[in-house]
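Shown next, in C-alpha cells, is the structure this report addresses.
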Amino acid sequence: MMARTSARKAPGKRVAVLGAGSWGTTFAKILADGGADVVIWARRPELAREIQEAKRNSDYLAGVNLPLGLRATSRLDLALAGAEQVYVSVPSQALRENLKVAGPHIHAEAIVVSLMKGVEKATGMRMSEVISETLRLDESQIAVISGPNLALEIAKEQPTAAVVSSTSLEAAQSVASVARNRYFHSFVNTDVIGTEFGGVLKNLIAVAIGIVDGAGYGENTKASIITRGLVEMTDFAVAYGAHPETLSGLAGLGDLIATSQSPLSRNNTAGRLLGQGYHLSDVVNQMQQTTEGLASVAPILELARAKGVEMPIVEQVRQVLAGTLDPKDIAPHLTTDDEPQGERTMDGQAQGGSAVRRALKRAFDQLRNSGRSAPGDRP
Ligand SMILES: NC(=O)C1=CN([C@@H]2O[C@H](COP(=O)(O)OP(=O)(O)OC[C@H]3O[C@@H](n4cnc5c(N)ncnc54)[C@H](O)[C@@H]3O)[C@@H](O)[C@H]2O)C=CC1
Ligand SMILES: O=C(CO)COP(=O)(O)O
C-alpha cells in the first residue's frame with residue numbers, strides 16, 4: 001500500500017504586528033492569510049483576548065472574521081519572541097514611546113516595517129527615521145509599506161496593492177514575499193523617502209478635499225485639488241530626495257485617489273466636518289481613530305519652508321485648522337494672492353516646480369547613462 005503524503009503545511013515565517021487598531025489588525029490578517037505565523041500585540045488586554053479567543057476586533061473591524069491561526073497578546077515580549085519581521089502600526093506620534101519599550105524584545109536581525117503614514121510632530125522625522133534612531137538598526141533592516149489601503153475594504157478581502165520599500169531591495173523583497181496573498185499584492189521599490197512621504201502628504205490633500213466637499217463644492221473643485229495636490233506632493237518629496245515616479249505610483253497618486261474619494265478615510269472625514277463648519281477641537285473629539293493628517297500639517301509646512309517648496313493647498317488647510325480661513329474660501333484659490341506668479345501657475349508635473357524639473361532631468365540623465373529601467377514600483 002502506498003504511504004499517504006502529509007497535507008500539513010510547513011509553518012510560515014514568524015512575524016509580529018504591533019498595534020491592534022484598524023490597520024494593524026487588517027495587516028495581521030493579510031499576513032496570516034498569506035501563510036505567515038502571526039502574533040499581534042494589542043495595548044489593551046481585553047482586546048488581545050477578543051482577538052485571541054473570538055477572532056474578532058469589534059471596536060475597529062466590526063463584522064470581520066479574523067484568521068483562526070492569528071494569535072494575540074498584550075505582552076510585547078511574547079509578541080516579539082522569535083519574530084523575523086516586525087510590522088508597526090501605532091499612531092505616528094506614539095511610535096517613539098512604543099519602540100522604547102518594544103526595542104529590547106526585538107531580535108537583533110529582525111526587519112522592522114513601518115505601516116504608518118505620518119511624521120513625528122516634534123522632529124519632522126519620517127517613521128523609518130524614528131525607527132532607525134530609536135532602534136539603531138542597519139538601513140537594510142528597515143522597510144515601509146504604503147499604498148491605496150483603506151483598512152476596512154482590505155479586511156473584507158477586496159483586492160488591492162501596495163509598495164514595500166527599503167533601501168535594500170533584498171529586504172523589500174523578503175517583506176513583500178510575506179506581505180502578499182490572494183487579495184493583497186505587494187510591489188517593491190527602493191525609494192523609501194518617496195514611498196513614506198507619499199503616504200504622509202496624500203493625507204493632507206485628502207483633508208483639503210474633505211473641506212471643499214463639506215463646504216459644498218463639486219467634482220471640478222475636487223479634481224483640481226487632487227491634481228494640483230499631486231504637484232505639491234511631488235515637489236515636496238523630490239526636494240527631500242524622492243524619485244518623482246514614486247509619487248505617480250501606488251504610494252502617491254494611487255493612495256491619493258483612494259483616500260480623497262472614500263468616506264472610509266478618517267482624513268477625508270475630518271476635512272468634511274471642518275468644511276461643514278465644525279471647530280477643530282470638536283472634530284478631534286469626534287474622530288475615534290488616528291487621523292494623521294491633522295498632526296502632519298505643521299511639521300510638513302516647516303519642512304517645506306526649509307527647502308523653499310510652495311504648498312498653497314496645504315497652507316490653506318493649516319489656515320482652516322487654525323480658524324483663520326473660512327472653508328468656503330479654500331477653493332478655488334489654488335495659489336495665494338500676495339506672491340508673484342511664476343512657474344507655479346503652469347500646469348503639469350514637468351513644469352510644476354523647479355525641484356521636480358531638476359529631479360526629472362537627473363533621473364533621465366541617470367537612465368541615459370546607466371541603460372537601466374526607471375525606478376518605480378516593481379512587481
Ligand atoms: N486605517 C487605515 O486604513 C490605514 C492606516 N494606516 C496608518 O496606520 C497607522 C495606524 O492607524 P490605524 O490602525 O488606522 O489607527 P487606529 O487608531 O485604528 O489604531 C491605533 C492603534 O495603536 C494603538 N496605540 C499604541 N500606542 C498608542 C498610543 N500611545 N496612543 C494611541 N494609540 C496607541 C492603539 O491602541 C490602537 O490599537 C497610522 O499611521 C495610519 O496612517 C495606513 C494605511 C491604512
Ligand atoms: O491611508 C489610508 C488609505 O490608504 C487610510 O486613510 P485614513 O487614515 O485617512 O483613513
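Chain labels A, B, ... are given in the sequence in which chains occur in the C-alpha cells; within each chain residues are numbered consecutively from 1, and ligands are likewise numbered from 1 in the order shown.
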
What are the nearest atom pairs, with distances in Å to one decimal, for all residues of chain A that come at most 7 Å from ligand 2, using only C-alpha atoms and all ligand atoms, set out by chain and rising residue number as a Markdown table?
```
| residue | atom | partner | partner_atom_place_in_ligand_line | distance |
| --- | --- | --- | --- | --- |
| A:Lys117 | CA | ligand 2 | 1 (O) | 6.7 |
| A:Gly147 | CA | ligand 2 | 4 (O) | 5.5 |
| A:Pro148 | CA | ligand 2 | 4 (O) | 4.0 |
| A:Asn149 | CA | ligand 2 | 4 (O) | 3.7 |
| A:Leu150 | CA | ligand 2 | 3 (C) | 4.0 |
| A:Ala151 | CA | ligand 2 | 5 (C) | 6.8 |
| A:Gly199 | CA | ligand 2 | 1 (O) | 6.6 |
| A:Asn203 | CA | ligand 2 | 9 (O) | 6.0 |
| A:Asp255 | CA | ligand 2 | 4 (O) | 5.1 |
| A:Ala258 | CA | ligand 2 | 4 (O) | 6.4 |
| A:Thr259 | CA | ligand 2 | 3 (C) | 5.4 |
| A:Leu264 | CA | ligand 2 | 10 (O) | 6.0 |
| A:Ser265 | CA | ligand 2 | 10 (O) | 3.3 |
| A:Arg266 | CA | ligand 2 | 10 (O) | 3.9 |
| A:Asn267 | CA | ligand 2 | 9 (O) | 3.8 |
| A:Asn268 | CA | ligand 2 | 9 (O) | 5.8 |
| A:Thr290 | CA | ligand 2 | 8 (O) | 6.7 |
| A:Thr291 | CA | ligand 2 | 8 (O) | 5.6 |
| A:Glu292 | CA | ligand 2 | 8 (O) | 6.3 |
```

Contact check, chain A to ligand 1, at most 6 Å, counting only C-alpha atoms and all ligand atoms, closest pairs as a tab-separated table:
```
residue	atom	partner	partner_atom_place_in_ligand_line	distance
A:Gly19	CA	ligand 1	22 (O)	4.5
A:Ala20	CA	ligand 1	37 (O)	4.0
A:Gly21	CA	ligand 1	19 (O)	3.2
A:Ser22	CA	ligand 1	18 (O)	4.0
A:Trp23	CA	ligand 1	13 (O)	3.7
A:Gly24	CA	ligand 1	13 (O)	5.1
A:Arg43	CA	ligand 1	35 (O)	5.3
A:Ser89	CA	ligand 1	10 (C)	4.6
A:Val90	CA	ligand 1	22 (O)	3.7
A:Pro91	CA	ligand 1	10 (C)	4.9
A:Ser92	CA	ligand 1	39 (O)	5.3
A:Ala94	CA	ligand 1	29 (N)	4.5
A:Leu115	CA	ligand 1	8 (O)	5.4
A:Met116	CA	ligand 1	39 (O)	3.3
A:Lys117	CA	ligand 1	41 (O)	4.0
A:Gly118	CA	ligand 1	39 (O)	5.5
A:Asn149	CA	ligand 1	44 (C)	4.9
A:Leu150	CA	ligand 1	3 (O)	3.7
A:Ala151	CA	ligand 1	3 (O)	3.6
A:Gln289	CA	ligand 1	17 (O)	3.6
A:Thr290	CA	ligand 1	17 (O)	3.9
A:Glu292	CA	ligand 1	41 (O)	5.5
```

### Query
Mind checking DSSP for region 165-332 of chain A and telling me the alpha helix (DSSP H) residues as JSON, numbers by chain?
{"A": [169, 170, 171, 172, 173, 174, 175, 176, 177, 178, 192, 193, 194, 195, 196, 197, 198, 199, 200, 201, 202, 203, 204, 205, 206, 207, 208, 209, 210, 211, 212, 213, 214, 219, 220, 221, 222, 223, 224, 225, 226, 227, 228, 229, 230, 231, 232, 233, 234, 235, 236, 237, 238, 239, 244, 245, 246, 247, 255, 256, 257, 258, 259, 260, 261, 266, 267, 268, 269, 270, 271, 272, 273, 274, 275, 280, 281, 282, 283, 284, 285, 286, 292, 293, 294, 295, 296, 297, 298, 299, 300, 301, 302, 303, 304, 305, 306, 307, 312, 313, 314, 315, 316, 317, 318, 319, 320, 321, 322]}

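Closest to Leu230 (chain A) among A:Ile145, A:Ile313, A:Ala28, A:Val88 is A:Ile313, based on only C-alpha atoms.
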
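Minimum atom-to-atom distance to Gln173 (chain A), evaluated using only C-alpha atoms, belongs to A:Ile111 out of A:Ile211, A:Ile111, A:Leu95, A:Leu273.
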
### Å distance separating CA of Leu70 (chain A) from CA of Val164 (chain A), one decimal place
22.2 Å

### Task
Considering only C-alpha atoms, return as JSON, numbers by chain whatever protein or nucleic-acid residues lie within 10 Å of Arg49 (chain A), sequence-local ones (same chain, fewer than 6 positions apart) excluded.
{"A": [42, 55, 56, 57, 71, 72, 73, 74]}

Please provide as a CSV table (one decimal) with N, CA and C atoms, in the first residue's frame all residues within 7 Å of Lys202 (chain A), with the sequence filter that same-chain residues fewer than 2 positions apart are discarded (counting only C-alpha atoms).
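Produced file result.csv, reproduced below:
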```
chain,number,residue,atom,x,y,z
A,198,GLY,N,4.8,60.0,0.3
A,198,GLY,CA,3.5,59.8,-0.5
A,198,GLY,C,2.4,59.6,0.5
A,199,GLY,N,2.6,58.7,1.4
A,199,GLY,CA,1.6,58.3,2.4
A,199,GLY,C,1.2,59.5,3.4
A,200,VAL,N,2.2,60.3,3.7
A,200,VAL,CA,2.0,61.4,4.6
A,200,VAL,C,1.3,62.5,3.9
A,204,LEU,N,-2.8,65.0,3.7
A,204,LEU,CA,-3.1,66.5,3.8
A,204,LEU,C,-4.0,66.9,2.7
A,205,ILE,N,-3.8,66.3,1.5
A,205,ILE,CA,-4.6,66.7,0.3
A,205,ILE,C,-6.0,66.1,0.6
A,206,ALA,N,-6.1,64.9,1.2
A,206,ALA,CA,-7.4,64.3,1.5
A,206,ALA,C,-8.2,65.2,2.5
A,252,GLY,N,1.7,57.2,-4.1
A,252,GLY,CA,1.4,58.6,-4.3
A,252,GLY,C,0.0,58.8,-4.9
A,255,ASP,N,-2.7,56.2,-3.7
A,255,ASP,CA,-3.3,56.4,-2.3
A,255,ASP,C,-4.1,57.7,-2.3
A,256,LEU,N,-3.6,58.7,-3.1
A,256,LEU,CA,-4.3,60.0,-3.1
A,256,LEU,C,-5.8,59.8,-3.6
```

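Proximity to region 304-310 of chain A at 7 Å, evaluated using only C-alpha atoms and with sequence-adjacent residues fewer than 6 positions away removed, yields Asp235, Phe236 and Ala239 of chain A.
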
Saved selection, atoms kept: C-alpha atoms, as a PDB file, in the first residue's frame:
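To be explicit, this is the file written out as selection05.pdb:
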```
ATOM      1  CA  ASP A 235       7.590  68.985  -5.393  1.00  0.00           C
ATOM      2  CA  PHE A 236       7.963  68.405  -1.667  1.00  0.00           C
ATOM      3  CA  ALA A 239      13.067  68.279  -2.719  1.00  0.00           C
TER       4      ALA A 239
END
```

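Remark: for Gln316 (chain A), the closest of the candidate residues A:Ala215, A:Leu250, A:Ala108, A:Val207 is A:Val207 (distances computed over only C-alpha atoms).
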
### Query
What's the 9 Å shell around His105 (chain A), counting only C-alpha atoms, without same-chain residues fewer than 4 positions away, as a VMD selection string?
chain A and resid 76 to 81 101

Could you write out the selected residues, including N, CA and C atoms, as a JSON list (two decimals), in the first residue's frame?
```json
[["chain", "number", "residue", "atom", "x", "y", "z"],
["A", 76, "LEU", "N", 4.33, 42.51, 25.06],
["A", 76, "LEU", "CA", 5.26, 42.77, 23.97],
["A", 76, "LEU", "C", 6.31, 41.67, 23.85],
["A", 77, "ASP", "N", 6.81, 41.18, 25.00],
["A", 77, "ASP", "CA", 7.87, 40.17, 24.93],
["A", 77, "ASP", "C", 7.37, 38.91, 24.22],
["A", 78, "LEU", "N", 6.12, 38.53, 24.48],
["A", 78, "LEU", "CA", 5.58, 37.32, 23.85],
["A", 78, "LEU", "C", 5.33, 37.56, 22.36],
["A", 79, "ALA", "N", 4.82, 38.75, 22.04],
["A", 79, "ALA", "CA", 4.54, 39.04, 20.62],
["A", 79, "ALA", "C", 5.83, 39.03, 19.81],
["A", 80, "LEU", "N", 6.91, 39.52, 20.40],
["A", 80, "LEU", "CA", 8.14, 39.71, 19.62],
["A", 80, "LEU", "C", 9.10, 38.52, 19.67],
["A", 81, "ALA", "N", 8.87, 37.60, 20.58],
["A", 81, "ALA", "CA", 9.81, 36.46, 20.72],
["A", 81, "ALA", "C", 9.88, 35.68, 19.40],
["A", 101, "VAL", "N", 9.89, 50.82, 24.52],
["A", 101, "VAL", "CA", 9.51, 49.67, 25.32],
["A", 101, "VAL", "C", 9.71, 48.36, 24.55]]
```

Please extract the residues of region 36-160 of chain A with a backbone DSSP assignment of strand (DSSP E) and present them as a short mmCIF file (atom, residue, chain, number, x, y, z; two decimals) with C-alpha atoms, in the first residue's frame.
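The resulting file, states22.cif, is shown below:
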```cif
data_model
loop_
_atom_site.label_atom_id
_atom_site.label_comp_id
_atom_site.auth_asym_id
_atom_site.auth_seq_id
_atom_site.Cartn_x
_atom_site.Cartn_y
_atom_site.Cartn_z
CA ASP A 37 2.73 32.71 11.67
CA VAL A 38 1.45 35.99 13.15
CA VAL A 39 1.20 37.29 16.70
CA ILE A 40 -0.43 40.71 17.11
CA TRP A 41 0.21 42.94 20.11
CA ARG A 71 -2.64 34.86 17.82
CA ALA A 72 -2.86 37.94 20.03
CA THR A 73 -1.30 39.11 23.28
CA GLN A 85 9.75 40.64 10.79
CA VAL A 86 8.04 43.25 12.97
CA TYR A 87 5.24 45.34 11.43
CA VAL A 88 4.43 48.53 13.34
CA ILE A 111 13.37 43.57 9.77
CA VAL A 112 11.17 46.35 11.18
CA VAL A 113 8.42 47.51 8.83
CA SER A 114 6.53 50.78 9.23
CA ILE A 142 14.07 48.84 7.84
CA ALA A 143 11.18 48.83 5.37
CA VAL A 144 7.98 50.79 4.89
CA ILE A 145 4.68 49.84 3.27
CA SER A 146 2.30 52.30 1.67
CA THR A 160 -5.58 45.93 -3.71
#
```

### Query
Near Glu84 (chain A), within 9 Å and counting only C-alpha atoms, which residues show up once chain neighbours fewer than 3 positions away are dropped, as a PyMOL selection string?
chain A and resi 13-16+80+106-107+109-112
